[in-house]
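Undergrad: I'd like to ask some things about the structure below.
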Amino acid sequence: MKRNKSWIERQDKDPFVQQAQNNGYRSRAVYKLQAIDKKDRLFRSGQTIVDLGAAPGSWSQYVSEKIQPDGKIIAVDILDMPAVSNVDFIQGDFSDPSVFERCLAITGTRQVDLVISDLAPNLSGVRDTDQARSMHLADLVLEFACQALFAKGSLLIKLFQGQGTDGYRKELNAKFQKVMVRKPDASRESSREFYILARGFKI
C-alpha cells in the first residue's frame, strides 16, 4: 500500500506526466521518444514504422503526427490499445511466434524504415530473471528487425543495463553502420533503462 501511494505521489509531481496530460498524450514515455527524435531526426513523412510494446499508445500518437500524410504504423502490444489515427494495431504477445509472424505478414520483408521498441517484461522482482527476460525480448526485436527493415533502415530499442547488454551492442555493431546510446531526460535517473539507436542496417 505504501509503495502504491509513493508511486502515485511521484506521478503527481512528475512534470512529464503533467505535460503529457496537458498535451493530450497517453503517457510520459512520449517525451523519451521526442527527445531522441529531436537529436537524431528519426521520422519523416511517408515512412513505415513498427512500434513494439506500444500500449497505451503515446509513441504511436507522436509518430502518427510526424509521418503524415502517407506514412504507416503497425503497433503491437499484449495489452489493448485505444485506436490511434493511421495505426494498425495487433494485440498479442510479441514473444508468441504467431504474433511475430503476423507482424511480418503485415509489414512484409524489407518494407520497414524504422522499428521502435519500448518492450519490457512483466517484472518478477528477481533482477537476474527480469534481465534475462528483457534480453530475450531484445533478441526477438533484433530478429524481427533483420527480417523487416529496408537496407539502411534503423532500430530504436529500450534496454536495461545488466548482463547481456554489452554483447547485444556488439551484435548491433555487426549488423548496423552506426550504433548510439541515448538516455533522454524523461528517462528517470534512477532507472536502469537506456535506449540504443542503430542506423544503417546492413543486408
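Simple scheme: letters A, B, ... for chains in C-alpha cells order, numbers from 1 for residues in each chain, numbers from 1 for ligands in the order shown.
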Which residues, written as a list in words, have at least one atom at most 12 Å from Asp37 (chain A), with only C-alpha atoms counted and residues fewer than 6 positions away on the same chain left out?
TA: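 With the cut-off at 12 Å, the set is Val30, Tyr31, Phe43, Arg44, Trp59, Tyr62, Val63, Lys66, Ile116, Leu156, Arg182, Pro184 and Leu197 of chain A.
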Undergrad: Just give me the gap between CA of Gln34 (chain A) and CA of Ser64 (chain A) in Å, one decimal is fine.
TA: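 If I compute the distance from CA of Gln34 (chain A) to CA of Ser64 (chain A), I get 12.5 Å.
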Undergrad: Can you pull out every residue from region 57-156 of chain A that DSSP, working from the backbone, puts in strand (DSSP E or B), and format the result as a list of chain:residue names?
TA: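 Result set for region 57-156 of chain A (strand (DSSP E or B)): A:Lys72, A:Ile73, A:Ile74, A:Ala75, A:Val76, A:Asp77, A:Val87, A:Asp88, A:Phe89, A:Ile90, A:Gln91, A:Val112, A:Asp113, A:Leu114, A:Val115, A:Ile116, A:Ser117, A:Leu149, A:Phe150, A:Ala151, A:Lys152, A:Gly153, A:Ser154, A:Leu155, A:Leu156.
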Undergrad: Using DSSP on the backbone coordinates, identify the residues of region 6-166 of chain A assigned to alpha helix (DSSP H); present them as a ChimeraX atom specification.
TA: /A:6-13,15-23,30-40,58-67,97-107,127-148,165-166
Undergrad: What would the file look like if the residues just selected were written as a PDB file, in the first residue's frame with C-alpha atoms?
TA:
ATOM      1  CA  SER A   6       4.638   6.516  -3.177  1.00  0.00           C
ATOM      2  CA  TRP A   7       4.205   5.766  -6.899  1.00  0.00           C
ATOM      3  CA  ILE A   8       1.066   7.915  -7.095  1.00  0.00           C
ATOM      4  CA  GLU A   9       2.779  10.800  -5.320  1.00  0.00           C
ATOM      5  CA  ARG A  10       5.742  10.575  -7.700  1.00  0.00           C
ATOM      6  CA  GLN A  11       3.401  10.570 -10.703  1.00  0.00           C
ATOM      7  CA  ASP A  12       1.517  13.599  -9.380  1.00  0.00           C
ATOM      8  CA  LYS A  13       4.770  15.548  -9.028  1.00  0.00           C
ATOM      9  CA  PRO A  15       6.467  17.315 -14.786  1.00  0.00           C
ATOM     10  CA  PHE A  16       6.494  14.926 -17.745  1.00  0.00           C
ATOM     11  CA  VAL A  17       3.262  13.294 -16.553  1.00  0.00           C
ATOM     12  CA  GLN A  18       1.646  16.715 -16.264  1.00  0.00           C
ATOM     13  CA  GLN A  19       2.996  17.782 -19.655  1.00  0.00           C
ATOM     14  CA  ALA A  20       1.642  14.628 -21.318  1.00  0.00           C
ATOM     15  CA  GLN A  21      -1.793  15.216 -19.803  1.00  0.00           C
ATOM     16  CA  ASN A  22      -1.801  18.835 -20.956  1.00  0.00           C
ATOM     17  CA  ASN A  23      -0.738  17.917 -24.496  1.00  0.00           C
ATOM     18  CA  VAL A  30       6.338  10.162 -25.402  1.00  0.00           C
ATOM     19  CA  TYR A  31       8.971  12.645 -24.199  1.00  0.00           C
ATOM     20  CA  LYS A  32      11.667   9.983 -24.307  1.00  0.00           C
ATOM     21  CA  LEU A  33      10.918   9.407 -27.980  1.00  0.00           C
ATOM     22  CA  GLN A  34      10.532  13.100 -28.707  1.00  0.00           C
ATOM     23  CA  ALA A  35      13.951  13.889 -27.216  1.00  0.00           C
ATOM     24  CA  ILE A  36      15.652  11.187 -29.280  1.00  0.00           C
ATOM     25  CA  ASP A  37      13.810  12.342 -32.400  1.00  0.00           C
ATOM     26  CA  LYS A  38      14.906  15.943 -31.876  1.00  0.00           C
ATOM     27  CA  LYS A  39      18.505  14.815 -31.592  1.00  0.00           C
ATOM     28  CA  ASP A  40      18.541  12.181 -34.325  1.00  0.00           C
ATOM     29  CA  SER A  58       1.851   7.689 -26.771  1.00  0.00           C
ATOM     30  CA  TRP A  59       4.702   6.704 -29.105  1.00  0.00           C
ATOM     31  CA  SER A  60       2.232   5.805 -31.842  1.00  0.00           C
ATOM     32  CA  GLN A  61       0.443   9.130 -31.282  1.00  0.00           C
ATOM     33  CA  TYR A  62       3.687  11.038 -31.739  1.00  0.00           C
ATOM     34  CA  VAL A  63       4.847   9.036 -34.749  1.00  0.00           C
ATOM     35  CA  SER A  64       1.466   9.364 -36.456  1.00  0.00           C
ATOM     36  CA  GLU A  65       1.803  13.135 -36.310  1.00  0.00           C
ATOM     37  CA  LYS A  66       5.317  13.017 -37.765  1.00  0.00           C
ATOM     38  CA  ILE A  67       4.822  10.682 -40.749  1.00  0.00           C
ATOM     39  CA  PRO A  97       5.702 -16.943 -32.708  1.00  0.00           C
ATOM     40  CA  SER A  98       2.222 -16.488 -34.210  1.00  0.00           C
ATOM     41  CA  VAL A  99       2.204 -12.785 -33.287  1.00  0.00           C
ATOM     42  CA  PHE A 100       5.754 -12.368 -34.587  1.00  0.00           C
ATOM     43  CA  GLU A 101       4.750 -13.953 -37.906  1.00  0.00           C
ATOM     44  CA  ARG A 102       1.535 -11.938 -38.127  1.00  0.00           C
ATOM     45  CA  CYS A 103       3.511  -8.751 -37.759  1.00  0.00           C
ATOM     46  CA  LEU A 104       5.891  -9.851 -40.507  1.00  0.00           C
ATOM     47  CA  ALA A 105       2.969 -10.792 -42.735  1.00  0.00           C
ATOM     48  CA  ILE A 106       1.516  -7.289 -42.426  1.00  0.00           C
ATOM     49  CA  THR A 107       4.776  -5.421 -42.935  1.00  0.00           C
ATOM     50  CA  ARG A 127      16.785  -8.868 -11.058  1.00  0.00           C
ATOM     51  CA  ASP A 128      18.651 -11.644 -12.908  1.00  0.00           C
ATOM     52  CA  THR A 129      15.396 -13.216 -14.076  1.00  0.00           C
ATOM     53  CA  ASP A 130      13.973  -9.899 -15.225  1.00  0.00           C
ATOM     54  CA  GLN A 131      17.192  -9.053 -17.069  1.00  0.00           C
ATOM     55  CA  ALA A 132      17.169 -12.403 -18.853  1.00  0.00           C
ATOM     56  CA  ARG A 133      13.560 -11.858 -19.928  1.00  0.00           C
ATOM     57  CA  SER A 134      14.378  -8.358 -21.118  1.00  0.00           C
ATOM     58  CA  MET A 135      17.291  -9.587 -23.234  1.00  0.00           C
ATOM     59  CA  HIS A 136      15.151 -12.385 -24.686  1.00  0.00           C
ATOM     60  CA  LEU A 137      12.673  -9.749 -25.889  1.00  0.00           C
ATOM     61  CA  ALA A 138      15.541  -7.666 -27.260  1.00  0.00           C
ATOM     62  CA  ASP A 139      16.799 -10.675 -29.230  1.00  0.00           C
ATOM     63  CA  LEU A 140      13.330 -11.157 -30.734  1.00  0.00           C
ATOM     64  CA  VAL A 141      13.148  -7.474 -31.672  1.00  0.00           C
ATOM     65  CA  LEU A 142      16.501  -7.702 -33.440  1.00  0.00           C
ATOM     66  CA  GLU A 143      15.458 -10.891 -35.219  1.00  0.00           C
ATOM     67  CA  PHE A 144      12.321  -9.142 -36.438  1.00  0.00           C
ATOM     68  CA  ALA A 145      14.207  -6.010 -37.475  1.00  0.00           C
ATOM     69  CA  CYS A 146      16.679  -8.047 -39.504  1.00  0.00           C
ATOM     70  CA  GLN A 147      13.786  -9.511 -41.498  1.00  0.00           C
ATOM     71  CA  ALA A 148      11.612  -6.409 -41.804  1.00  0.00           C
ATOM     72  CA  THR A 165      23.725  -5.602 -22.923  1.00  0.00           C
ATOM     73  CA  ASP A 166      27.389  -5.327 -23.926  1.00  0.00           C
TER      74      ASP A 166
END
Undergrad: Distance CA of Asp14 (chain A)-CA of Ser191 (chain A), one decimal place?
TA: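 If I compute the distance from CA of Asp14 (chain A) to CA of Ser191 (chain A), I get 14.6 Å.
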Undergrad: Tell me, as number ranges by chain, which residues lie within 10 Å of Phe201 (chain A), counting only C-alpha atoms; anything in the same chain fewer than 5 positions away does not count.
TA: A: 113-114, 145-146, 149-155, 172-178
Undergrad: Can you tell me, as a compact mmCIF listing (two decimals) with C-alpha atoms, in the first residue's frame, what residues are no more than 6 Å from Ile74 (chain A) when counting only C-alpha atoms, ignoring any on the same chain fewer than 2 positions away?
TA:
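What landed in out.txt:
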# COMPACT_ATOMS: atom_id res chain seq x y z
CA VAL A 50 6.70 -0.73 -36.40
CA VAL A 87 -2.15 2.97 -36.85
CA ASP A 88 -2.83 -0.72 -37.48
CA PHE A 89 -2.86 -2.41 -34.08
Undergrad: Ranking A:Ile73, A:Met81, A:Ala54, A:Val179 by minimum distance to Ala120 (chain A) and counting only C-alpha atoms, which one comes first?
TA: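 With only C-alpha atoms as the atom set, the closest residue is A:Ala54.
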Undergrad: Could you name the residues that touch Ile78 (chain A) at 7 Å or less, counting only C-alpha atoms, but leaving out those on the same chain fewer than 3 positions away, as a VMD selection string?
TA: chain A and resid 91 to 93
Undergrad: Could you take the residues named above and write them with C-alpha atoms, as a tab-separated table (two decimals), in the first residue's frame?
TA:
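Just written: result30.tsv:
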chain	number	residue	atom	x	y	z
A	91	GLN	CA	-2.92	-7.21	-29.84
A	92	GLY	CA	-0.76	-10.10	-28.72
A	93	ASP	CA	2.45	-11.20	-27.05
Undergrad: Tell me, in Å to one decimal, how far CA of Leu79 (chain A) is from CA of Arg199 (chain A).
TA: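 Atom-to-atom, CA of Leu79 (chain A) and CA of Arg199 (chain A) are spaced 28.8 Å apart.
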